[in-house]
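Engineer: Attaching a single structure in structure tokens format; questions to follow.
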Amino acid sequence: MSNLTSTDFSALKKIIPPRRPGYGLQRPYYHEESLYRAEMEVIWRGGWLFAGHSCQIPNVGDYFLYEIDGDSVIIVRQDDGSVRAIYNVCRHRGSVICEAAEGHVKRFICPYHQWTYDRDGRLLLWRGMQEGLDKSELGLHQAHAREVEGMIFISLAKEPMDFEAAYETIAPVVRPQGLARAKVAKIMDFDIHANWKLVWENNRECYHCNVNHPQYIKANFDHYNSDDLIDRVAEQLATVTARSEAKWAAQGLAVTRTEAGLTEFPDPEHNVWYSANRTPLTDGFVSESLDGKQVAPLMGDYTDPDVGTVRVRMLPNFWHHSSCDHGVSVRLTPNGLYHTDVRMIWLVDEKAEEGQDYNLEKLLPFWLMTAEQDWEICVNQQRGVNSHAYTAGPLSTIKEYNLDRFLRWYEQQMAPALR
Amino acid sequence: MSNLTSTDFSALKKIIPPRRPGYGLQRPYYHEESLYRAEMEVIWRGGWLFAGHSCQIPNVGDYFLYEIDGDSVIIVRQDDGSVRAIYNVCRHRGSVICEAAEGHVKRFICPYHQWTYDRDGRLLLWRGMQEGLDKSELGLHQAHAREVEGMIFISLAKEPMDFEAAYETIAPVVRPQGLARAKVAKIMDFDIHANWKLVWENNRECYHCNVNHPQYIKANFDHYNSDDLIDRVAEQLATVTARSEAKWAAQGLAVTRTEAGLTEFPDPEHNVWYSANRTPLTDGFVSESLDGKQVAPLMGDYTDPDVGTVRVRMLPNFWHHSSCDHGVSVRLTPNGLYHTDVRMIWLVDEKAEEGQDYNLEKLLPFWLMTAEQDWEICVNQQRGVNSHAYTAGPLSTIKEYNLDRFLRWYEQQMAPALR
Amino acid sequence: MSNLTSTDFSALKKIIPPRRPGYGLQRPYYHEESLYRAEMEVIWRGGWLFAGHSCQIPNVGDYFLYEIDGDSVIIVRQDDGSVRAIYNVCRHRGSVICEAAEGHVKRFICPYHQWTYDRDGRLLLWRGMQEGLDKSELGLHQAHAREVEGMIFISLAKEPMDFEAAYETIAPVVRPQGLARAKVAKIMDFDIHANWKLVWENNRECYHCNVNHPQYIKANFDHYNSDDLIDRVAEQLATVTARSEAKWAAQGLAVTRTEAGLTEFPDPEHNVWYSANRTPLTDGFVSESLDGKQVAPLMGDYTDPDVGTVRVRMLPNFWHHSSCDHGVSVRLTPNGLYHTDVRMIWLVDEKAEEGQDYNLEKLLPFWLMTAEQDWEICVNQQRGVNSHAYTAGPLSTIKEYNLDRFLRWYEQQMAPALR
């Protein structure tokens, strides 16, 4: 239902200065309501958004709501097994139809006057309406939905952006993880008092990891950059990589990231807003858990725990880490200029039983601690960029190359509104 | 104190599209702050508002406050028994004079510097002020007040609209109910997270009643429309009406609504923003109570419980239902674009004693349940019309004729600002 | 970091009417967000602000934060004993550096990426940054700071206003009080639901004192004005003054206010935004305490309790009262159009021990009660000026001459934005 052309953004050009190359964003980028509105229309209503996981709605008629930018979207399993994204707004007087955040429906029945829609959104019944109206024109409004290997993405755009390249990049990497045969172990929601861009800026560099993420850096290589990749670590990485590549090839596992430092992402010059790869963990770690040990049964096609980690990223609202035994998804949803709602979803194999095959005390801490460390950072940065004294500083070309990529992507996306 | 001409509403015309005839209002009607501001100035500060009941201030000097749109208005009983509506703002430095929501005053004494005003608002004393100022020019600002058979209405307009036609319609219908000889049994306040227009839209149709108001529909005929007025019901209505008309005529009771469906109201083409009538209850009901039995002593002039119900409605903020034994008033007060404060007042005969002649467990549920059912509906509708996907739908000409009347009245009122 | 010229205030002139001479401010002065923004830029970011007391940061490296208008400022004791006001914003990505409201630092280390600054704000270390950047250009942004006899003032202006005249007025009056050798006995914070101007308007007249401040008026003469300075009081004042002047001269104590009524302040025609004097207390009072008795050991240079009270006032955010034994400072900080944060700080001699030399039950009530009486007044006035019916009233030339001075000062300050 996005309608980019209807909004007049001409005033924005006067208040939003161009970014100085190699530097962060200036203060107005974090403070202008009208820019936030433009971001919602251009980036958030223009792009593809992660809504949730297939295993949240395993059966026909299962649904959950995704609430974003004032809209409530029903993500619902269809009779043919596919997924639809249907606006939770009755075509009669506009009431929401599904009040609960998740549930099961045979048909959608509006609680106000009982207009009744099929699971696919077609209007079936409207007791009390006069002759002469065309029922076929009054089905529920629909967004676009794509289900990819256990992940559900939606687009609110009238004409959604092409998804094929993203699909081809992500699907083969994720497929062996078996997210479509997973179950939700835990969902946690956070309200971060920070602009959504600050959350991404934080995600796109590991410059802050050494001091802020003591758990994360034990398991991973990607906080090493050219300036601190000492010989011992480089050797370990080479050894682990060589071993991994051989084993993974034998298992038919796909693409591999074999270097230190964060994968280059996004690629604003080639319009690449999605990424997926498999990368080794450090010696002794088979899972992103506090002690590196497996914390749940193997997932998907895996027969051996030594599969490194799968990472998926998709702008503007999703990233995901999987180990052999569990996966963690992070979904961002802006909630005004100064708030970002974050949902974290932990997945394990669908047959795993809590208390028997896994327990949350072992499963959650690695990513929960890492995430909460980041949320505190983001809140501190929001406090600082609130200041009239804030001036954008230089980015490290060694450690913040991906942050610069993110900002270039952002500028490229927003160019129609800003330049 | 309203000052319509001072506000420039020209920008509104660009953002508020005309309504498609026969359809609901479009999204901007529920989302534009500047439209809300215009509604306050045109409709709320231009019209007559129900403030409360005479029996809330039985004695000279009794007062209660009505807080609306930033203004605090003192509704106070004068020495001659009349009622005044006086702005609760000292003419010196602007402090509120009455801090408590209700009470009793001999004179109005500002707590800041003790400027002292008579009960009618005239400035009497101002210790410490210099010579040369004219005390007679500094009385408290006044709104307009009308007391009608136990109901108090005020207007914030400089030149209030004519009230006579409203008076002539309402007074004779309400008079036998004896609201002026009533007492307050209960006051309840609600903060409804919905635009005030949604609350009226809900009030102006009973299309939603069958499913949402299981208590209400047992007592009333007005949820039956031409499409569902089955023979059995029509017969019952005819029987009850015939019997009632005869009895009521004998008692000198006024106008009667004898048809099913909601009374046509408002009448935008003839500028009719008020309505009152008496209508039969269903067989076996003498009161709008859960079991239809009397729940308090007879009120007013009644000598027999079979008097049906009296209904009064007045745009933009009041409706009232009375049975033989009690009355219920509903007062709406917008509190920003997305909130409506609602006060409900239950009245019984002034001589009735709680615990002896009535108890709240029997008195309240019928309207309390019906009201809370409606508040939930309104909140759901607000959630839905928040969506960018909301599009106004067609109204039922069979069941929502009064809603269309309300919207036409609204458009007519707002025409000076919108067209 | 203030940047007055960048903001376009031309729209303000249309919505903010000139004040009628001798009257209060009209409604828009208390309701226009854009005026609030202009006040912040012109008055608050242009002037000198009281931040806190020297004794809050006695040792090198001690700091406290002053949060104002979105900015967080670190007030920190330097190695040479001086005080700096440093913006709490990392020059890299803008995170706040000090998270806690007060503490001690060896160096400032940003929690995000550990950029490290010396106590004076110079950038020392930035692990991970590339060659070719100039570290000397990336020190922490600084505000201006002045320490005056135990009081710390800051200015956020690029080019701060001259402070010398203020210094020369205040320092000699305050010096004997020994605030630099004091300790904090209590800090209390209040959120007053009132515009900051209403708080000053309240402070600038004692017309309200007789009824509202039963404690305050027992100790002081300044609520007497020409209309109520009866002979008995005038005589007492003359007696007390004659006695005081002689004693104070012998002790070398400075300037004396010897008349009843509030000291004339500010002086808008001569740009005087600061004031200090010493004035007698009533007979029997040696301290602003409930019973007039001393409530803590003598402070500073005093050898005798009969030193009257010292008063300091500085626009836009500070006033202070000291007796022989304790001092009370009040710091205002606007927090949006409708809120003012107030901090009260009670000081006693640095060697005084709580429980032994003083107790809070005796020390606090006089000013705590007086302050809370005023906050209630301010909230009531805000409620009233919210009303559309509010119209500015005439000021008493006998009792509100200082309020008129305050409004003239305000108008003079805001003239560049308003006229």
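By order in the structure tokens, chains are A, B, ...; within a chain, residues start at 1; ligands start at 1, following the order shown.
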Identify, on the basis of only C-alpha atoms, every residue whose closest approach to segment 291-295 of chain A does not exceed 8 Å; exclude the query and any residue fewer than 4 positions from it along the same chain; express the result as JSON, numbers by chain.

Structural biologist: {"A": [219, 284, 285, 286, 287, 305, 324, 325, 326, 358, 359, 362, 363]}

Engineer: Could the residues in this selection be written to a file with C-alpha atoms, as a CSV table (one decimal), in the first residue's frame?

Structural biologist:
chain,number,residue,atom,x,y,z
A,219,ALA,CA,33.6,-18.1,19.3
A,284,GLY,CA,36.9,-25.8,20.3
A,285,PHE,CA,33.6,-24.2,19.4
A,286,VAL,CA,30.9,-26.1,17.6
A,287,SER,CA,28.1,-23.8,18.7
A,305,PRO,CA,28.5,-30.7,14.6
A,324,CYS,CA,24.8,-26.8,14.1
A,325,ASP,CA,22.3,-27.1,16.9
A,326,HIS,CA,20.3,-23.8,17.0
A,358,TYR,CA,17.9,-28.7,25.4
A,359,ASN,CA,17.4,-26.2,28.2
A,362,LYS,CA,22.3,-23.1,28.1
A,363,LEU,CA,20.6,-22.1,24.8

Engineer: At a cut-off of 9 Å, using only C-alpha atoms, what residues contact Asp301 of chain C? Leave out same-chain residues fewer than 5 positions from it and give the result as a ChimeraX atom specification.

Structural biologist: /C:175-178

Engineer: Next, dump the selected residues to file, keeping only C-alpha atoms, as a PDB file, in the first residue's frame.

Structural biologist:
ATOM      1  CA  ARG C 175      32.943  35.137  49.637  1.00  0.00           C
ATOM      2  CA  PRO C 176      32.477  35.269  53.449  1.00  0.00           C
ATOM      3  CA  GLN C 177      29.868  32.485  53.186  1.00  0.00           C
ATOM      4  CA  GLY C 178      32.639  30.056  52.288  1.00  0.00           C
TER       5      GLY C 178
END

Engineer: Could you list, as an MDAnalysis selection string, every residue of chain A that has an atom within 10 Å of an atom of chain B, counting only C-alpha atoms?

Structural biologist: chainID A and resid 1:3 67:73 86:99 111:114 126:131 133 138 140:143 156

Engineer: Could you save the residues just selected, with N, CA and C atoms, as a compact mmCIF listing (two decimals), in the first residue's frame?

Structural biologist:
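Everything below was put into again08.txt:
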# COMPACT_ATOMS: atom_id res chain seq x y z
N MET A 1 0.83 -1.20 0.00
CA MET A 1 0.00 0.00 0.00
C MET A 1 0.87 1.26 0.00
N SER A 2 2.16 1.05 -0.13
CA SER A 2 3.06 2.20 -0.12
C SER A 2 2.74 3.13 -1.28
N ASN A 3 2.99 4.37 -1.09
CA ASN A 3 2.59 5.34 -2.09
C ASN A 3 3.61 6.46 -2.11
N GLU A 67 3.29 -6.13 13.40
CA GLU A 67 2.83 -4.74 13.52
C GLU A 67 4.00 -3.82 13.15
N ILE A 68 3.82 -3.02 12.12
CA ILE A 68 4.89 -2.14 11.67
C ILE A 68 4.33 -0.83 11.13
N ASP A 69 4.85 0.26 11.65
CA ASP A 69 4.53 1.60 11.15
C ASP A 69 3.02 1.84 11.12
N GLY A 70 2.34 1.43 12.17
CA GLY A 70 0.91 1.65 12.26
C GLY A 70 0.08 0.56 11.61
N ASP A 71 0.72 -0.26 10.77
CA ASP A 71 -0.01 -1.33 10.09
C ASP A 71 0.07 -2.63 10.89
N SER A 72 -1.01 -3.37 10.84
CA SER A 72 -1.04 -4.72 11.40
C SER A 72 -1.19 -5.68 10.23
N VAL A 73 -0.23 -6.59 10.09
CA VAL A 73 -0.26 -7.51 8.95
C VAL A 73 -0.43 -8.94 9.48
N ILE A 86 -1.68 -10.48 4.86
CA ILE A 86 -2.98 -9.83 4.64
C ILE A 86 -3.15 -8.71 5.65
N TYR A 87 -3.52 -7.54 5.18
CA TYR A 87 -3.72 -6.42 6.11
C TYR A 87 -4.89 -6.70 7.04
N ASN A 88 -4.63 -6.47 8.32
CA ASN A 88 -5.58 -6.76 9.39
C ASN A 88 -6.57 -5.60 9.54
N VAL A 89 -7.27 -5.30 8.48
CA VAL A 89 -8.16 -4.13 8.45
C VAL A 89 -9.40 -4.49 7.66
N CYS A 90 -10.54 -4.47 8.32
CA CYS A 90 -11.78 -4.81 7.64
C CYS A 90 -12.09 -3.78 6.55
N ARG A 91 -12.57 -4.26 5.42
CA ARG A 91 -12.87 -3.36 4.31
C ARG A 91 -14.16 -2.58 4.53
N HIS A 92 -14.90 -2.90 5.57
CA HIS A 92 -16.14 -2.19 5.87
C HIS A 92 -15.81 -0.90 6.63
N ARG A 93 -15.55 -1.00 7.92
CA ARG A 93 -15.34 0.20 8.71
C ARG A 93 -13.92 0.32 9.24
N GLY A 94 -13.09 -0.67 8.91
CA GLY A 94 -11.66 -0.52 9.24
C GLY A 94 -11.22 -1.14 10.54
N SER A 95 -12.09 -1.84 11.23
CA SER A 95 -11.67 -2.49 12.47
C SER A 95 -10.58 -3.51 12.20
N VAL A 96 -9.69 -3.74 13.17
CA VAL A 96 -8.82 -4.91 13.04
C VAL A 96 -9.71 -6.14 13.13
N ILE A 97 -9.28 -7.16 12.45
CA ILE A 97 -10.07 -8.40 12.40
C ILE A 97 -9.53 -9.40 13.40
N CYS A 98 -8.21 -9.58 13.43
CA CYS A 98 -7.60 -10.47 14.42
C CYS A 98 -7.10 -9.59 15.57
N GLU A 99 -7.67 -9.80 16.76
CA GLU A 99 -7.25 -9.02 17.91
C GLU A 99 -6.00 -9.61 18.57
N PRO A 111 -14.84 -8.69 14.15
CA PRO A 111 -15.64 -8.69 15.37
C PRO A 111 -16.70 -7.59 15.40
N TYR A 112 -16.59 -6.59 14.50
CA TYR A 112 -17.52 -5.47 14.58
C TYR A 112 -18.88 -5.85 13.98
N HIS A 113 -18.89 -6.20 12.69
CA HIS A 113 -20.18 -6.51 12.05
C HIS A 113 -20.16 -7.85 11.33
N GLN A 114 -19.14 -8.66 11.66
CA GLN A 114 -19.08 -10.03 11.17
C GLN A 114 -18.95 -10.16 9.66
N TRP A 126 -21.54 -10.78 3.99
CA TRP A 126 -21.73 -9.47 4.62
C TRP A 126 -23.20 -9.23 4.89
N ARG A 127 -23.67 -9.99 5.85
CA ARG A 127 -25.03 -9.83 6.35
C ARG A 127 -25.39 -8.35 6.51
N GLY A 128 -26.54 -7.98 5.97
CA GLY A 128 -27.06 -6.65 6.24
C GLY A 128 -26.67 -5.58 5.24
N MET A 129 -25.89 -5.94 4.20
CA MET A 129 -25.53 -4.92 3.21
C MET A 129 -26.53 -4.94 2.06
N GLN A 130 -26.70 -3.81 1.44
CA GLN A 130 -27.68 -3.66 0.38
C GLN A 130 -27.19 -4.30 -0.93
N GLU A 131 -28.12 -4.48 -1.84
CA GLU A 131 -27.79 -4.92 -3.20
C GLU A 131 -26.97 -3.85 -3.90
N LEU A 133 -23.69 -3.64 -4.48
CA LEU A 133 -22.26 -3.48 -4.18
C LEU A 133 -21.54 -4.72 -4.69
N LEU A 138 -14.05 -6.06 -2.57
CA LEU A 138 -13.87 -5.72 -1.16
C LEU A 138 -13.19 -6.82 -0.36
N LEU A 140 -9.86 -8.41 1.49
CA LEU A 140 -8.86 -7.76 2.33
C LEU A 140 -7.65 -7.34 1.49
N HIS A 141 -7.11 -6.18 1.83
CA HIS A 141 -5.90 -5.72 1.14
C HIS A 141 -4.75 -6.66 1.45
N GLN A 142 -3.87 -6.84 0.49
CA GLN A 142 -2.80 -7.81 0.65
C GLN A 142 -1.43 -7.17 0.45
N ALA A 143 -0.48 -7.65 1.24
CA ALA A 143 0.92 -7.34 0.99
C ALA A 143 1.54 -8.54 0.28
N LEU A 156 5.58 -4.44 1.70
CA LEU A 156 4.38 -3.59 1.72
C LEU A 156 4.27 -2.75 0.45

Engineer: Using DSSP on the backbone coordinates, identify all residues within segment 130-340 of chain C classified as strand (DSSP E); present the result as a VMD selection string.

Structural biologist: chain C and resid 142 to 148 151 to 155 182 to 192 274 to 279 309 to 314 318 to 322 327 to 334 340

Engineer: Emit the selected residues as a compact mmCIF listing (two decimals), in the first residue's frame, including N, CA and C atoms.

Structural biologist:
# COMPACT_ATOMS: atom_id res chain seq x y z
N GLN C 142 33.96 21.53 23.84
CA GLN C 142 33.97 22.14 25.16
C GLN C 142 32.98 23.30 25.24
N ALA C 143 32.39 23.42 26.42
CA ALA C 143 31.61 24.62 26.74
C ALA C 143 32.50 25.49 27.62
N HIS C 144 31.98 26.62 28.02
CA HIS C 144 32.76 27.53 28.87
C HIS C 144 32.37 27.32 30.32
N ALA C 145 33.32 27.46 31.21
CA ALA C 145 33.05 27.27 32.64
C ALA C 145 33.71 28.37 33.46
N ARG C 146 33.01 28.81 34.50
CA ARG C 146 33.56 29.79 35.46
C ARG C 146 33.23 29.30 36.86
N GLU C 147 34.23 29.31 37.72
CA GLU C 147 34.00 28.92 39.11
C GLU C 147 34.10 30.20 39.94
N VAL C 148 33.05 30.46 40.72
CA VAL C 148 33.00 31.70 41.49
C VAL C 148 32.66 31.38 42.93
N MET C 151 30.71 28.28 43.40
CA MET C 151 29.60 28.05 42.45
C MET C 151 30.18 27.88 41.05
N ILE C 152 29.63 26.94 40.28
CA ILE C 152 30.14 26.70 38.93
C ILE C 152 29.09 27.11 37.91
N PHE C 153 29.49 27.99 37.01
CA PHE C 153 28.61 28.45 35.94
C PHE C 153 29.18 28.03 34.60
N ILE C 154 28.30 27.70 33.67
CA ILE C 154 28.77 27.33 32.34
C ILE C 154 28.00 28.13 31.29
N SER C 155 28.60 28.21 30.10
CA SER C 155 27.89 28.80 28.97
C SER C 155 28.07 27.90 27.76
N ALA C 182 32.40 24.22 51.62
CA ALA C 182 31.14 23.61 52.10
C ALA C 182 31.06 22.15 51.67
N LYS C 183 30.00 21.51 52.13
CA LYS C 183 29.70 20.16 51.64
C LYS C 183 28.21 20.08 51.34
N VAL C 184 27.86 19.15 50.48
CA VAL C 184 26.45 18.97 50.15
C VAL C 184 25.78 18.20 51.28
N ALA C 185 24.74 18.79 51.85
CA ALA C 185 23.97 18.08 52.87
C ALA C 185 22.83 17.28 52.22
N LYS C 186 22.30 17.81 51.12
CA LYS C 186 21.16 17.15 50.47
C LYS C 186 20.97 17.73 49.06
N ILE C 187 20.66 16.86 48.13
CA ILE C 187 20.23 17.28 46.80
C ILE C 187 18.84 16.71 46.57
N MET C 188 17.92 17.54 46.12
CA MET C 188 16.58 17.05 45.77
C MET C 188 16.21 17.54 44.38
N ASP C 189 15.61 16.65 43.60
CA ASP C 189 15.19 16.99 42.23
C ASP C 189 13.68 16.96 42.12
N PHE C 190 13.14 17.93 41.39
CA PHE C 190 11.69 18.07 41.20
C PHE C 190 11.39 18.21 39.72
N ASP C 191 10.31 17.60 39.28
CA ASP C 191 9.81 17.83 37.93
C ASP C 191 8.53 18.65 38.08
N ILE C 192 8.63 19.92 37.74
CA ILE C 192 7.47 20.82 37.88
C ILE C 192 6.76 20.91 36.54
N TYR C 274 22.14 39.58 36.89
CA TYR C 274 22.75 38.97 38.07
C TYR C 274 22.51 39.93 39.23
N SER C 275 22.55 39.40 40.42
CA SER C 275 22.29 40.24 41.60
C SER C 275 22.79 39.50 42.82
N ALA C 276 23.24 40.25 43.81
CA ALA C 276 23.65 39.65 45.08
C ALA C 276 23.56 40.71 46.15
N ASN C 277 23.07 40.34 47.31
CA ASN C 277 23.12 41.28 48.43
C ASN C 277 22.97 40.54 49.75
N ARG C 278 23.17 41.27 50.79
CA ARG C 278 23.01 40.75 52.14
C ARG C 278 21.92 41.58 52.79
N THR C 279 21.02 40.91 53.49
CA THR C 279 19.86 41.63 54.01
C THR C 279 19.51 41.06 55.38
N THR C 309 20.92 37.32 55.68
CA THR C 309 21.00 36.29 54.62
C THR C 309 21.65 36.88 53.38
N VAL C 310 22.37 36.02 52.69
CA VAL C 310 22.94 36.37 51.39
C VAL C 310 22.01 35.83 50.33
N ARG C 311 21.70 36.67 49.32
CA ARG C 311 20.88 36.21 48.20
C ARG C 311 21.63 36.45 46.90
N VAL C 312 21.61 35.45 46.07
CA VAL C 312 22.19 35.59 44.73
C VAL C 312 21.11 35.18 43.74
N ARG C 313 21.04 35.89 42.64
CA ARG C 313 20.11 35.52 41.57
C ARG C 313 20.82 35.69 40.25
N MET C 314 20.61 34.76 39.36
CA MET C 314 21.21 34.89 38.04
C MET C 314 20.27 34.30 37.01
N PHE C 318 19.13 30.41 38.14
CA PHE C 318 19.73 30.22 39.45
C PHE C 318 19.26 31.23 40.48
N TRP C 319 18.96 30.74 41.69
CA TRP C 319 18.94 31.62 42.85
C TRP C 319 19.44 30.87 44.07
N HIS C 320 19.86 31.66 45.06
CA HIS C 320 20.52 31.08 46.22
C HIS C 320 20.23 31.95 47.44
N HIS C 321 19.94 31.27 48.57
CA HIS C 321 19.82 31.95 49.86
C HIS C 321 20.79 31.30 50.83
N SER C 322 21.57 32.10 51.52
CA SER C 322 22.41 31.56 52.59
C SER C 322 22.08 32.27 53.90
N GLY C 327 23.38 27.06 53.24
CA GLY C 327 22.98 27.72 52.02
C GLY C 327 22.08 26.79 51.20
N VAL C 328 21.22 27.38 50.39
CA VAL C 328 20.32 26.61 49.55
C VAL C 328 20.37 27.17 48.13
N SER C 329 20.70 26.33 47.18
CA SER C 329 20.75 26.75 45.78
C SER C 329 19.62 26.11 45.01
N VAL C 330 19.07 26.85 44.06
CA VAL C 330 18.00 26.35 43.21
C VAL C 330 18.45 26.49 41.76
N ARG C 331 18.43 25.38 41.04
CA ARG C 331 18.84 25.36 39.63
C ARG C 331 17.65 24.95 38.77
N LEU C 332 17.31 25.79 37.80
CA LEU C 332 16.20 25.47 36.90
C LEU C 332 16.73 24.91 35.58
N THR C 333 16.02 23.94 35.04
CA THR C 333 16.38 23.40 33.72
C THR C 333 15.10 23.11 32.97
N PRO C 334 14.80 23.87 31.92
CA PRO C 334 13.58 23.59 31.15
C PRO C 334 13.65 22.19 30.55
N THR C 340 9.62 21.93 33.95
CA THR C 340 10.87 22.51 34.42
C THR C 340 11.45 21.58 35.47

Engineer: Would you mind listing what lies within 9 Å of Glu259 of chain A as a list in words, with only C-alpha atoms counted and same-chain residues fewer than 2 positions away left out?

Structural biologist: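 In the requested form, the answer reads Phe221, Asp222, Leu237, Ala238, Thr241, Arg257, Gly261, Leu262, Thr263 and Thr279 of chain A.
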
Engineer: Would you mind reading off the distance between atom CA of Leu347 of chain B and atom CA of Ala51 of chain B, one decimal, in Å?

Structural biologist: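 According to the coordinates, atom CA of Leu347 of chain B and atom CA of Ala51 of chain B are separated by 14.8 Å.
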
Engineer: Rank nothing, just name the residue among C:Tyr410, C:Tyr401, C:Phe64, C:Tyr224 nearest to Tyr29 of chain C, using only C-alpha atoms.

Structural biologist: C:Tyr410

Engineer: Taking the DSSP assignment computed from this structure's backbone, write out as a PyMOL selection string all residues of segment 96-281 of chain A that belong to helix (DSSP H, G or I).

Structural biologist: chain A and resi 135-137+164-177+179-181+196-203+209-212+216-219+231-251+268-270

Engineer: If you measure from atom CA of Met369 of chain B to atom CA of Ala296 of chain B, what distance in Å do you get, rounded to one decimal?

Structural biologist: 18.6 Å

Engineer: Which distance in Å separates atom CA of Gly150 of chain A and atom CA of Ile43 of chain A, to one decimal?

Structural biologist: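 These two atoms are separated by 23.9 Å.
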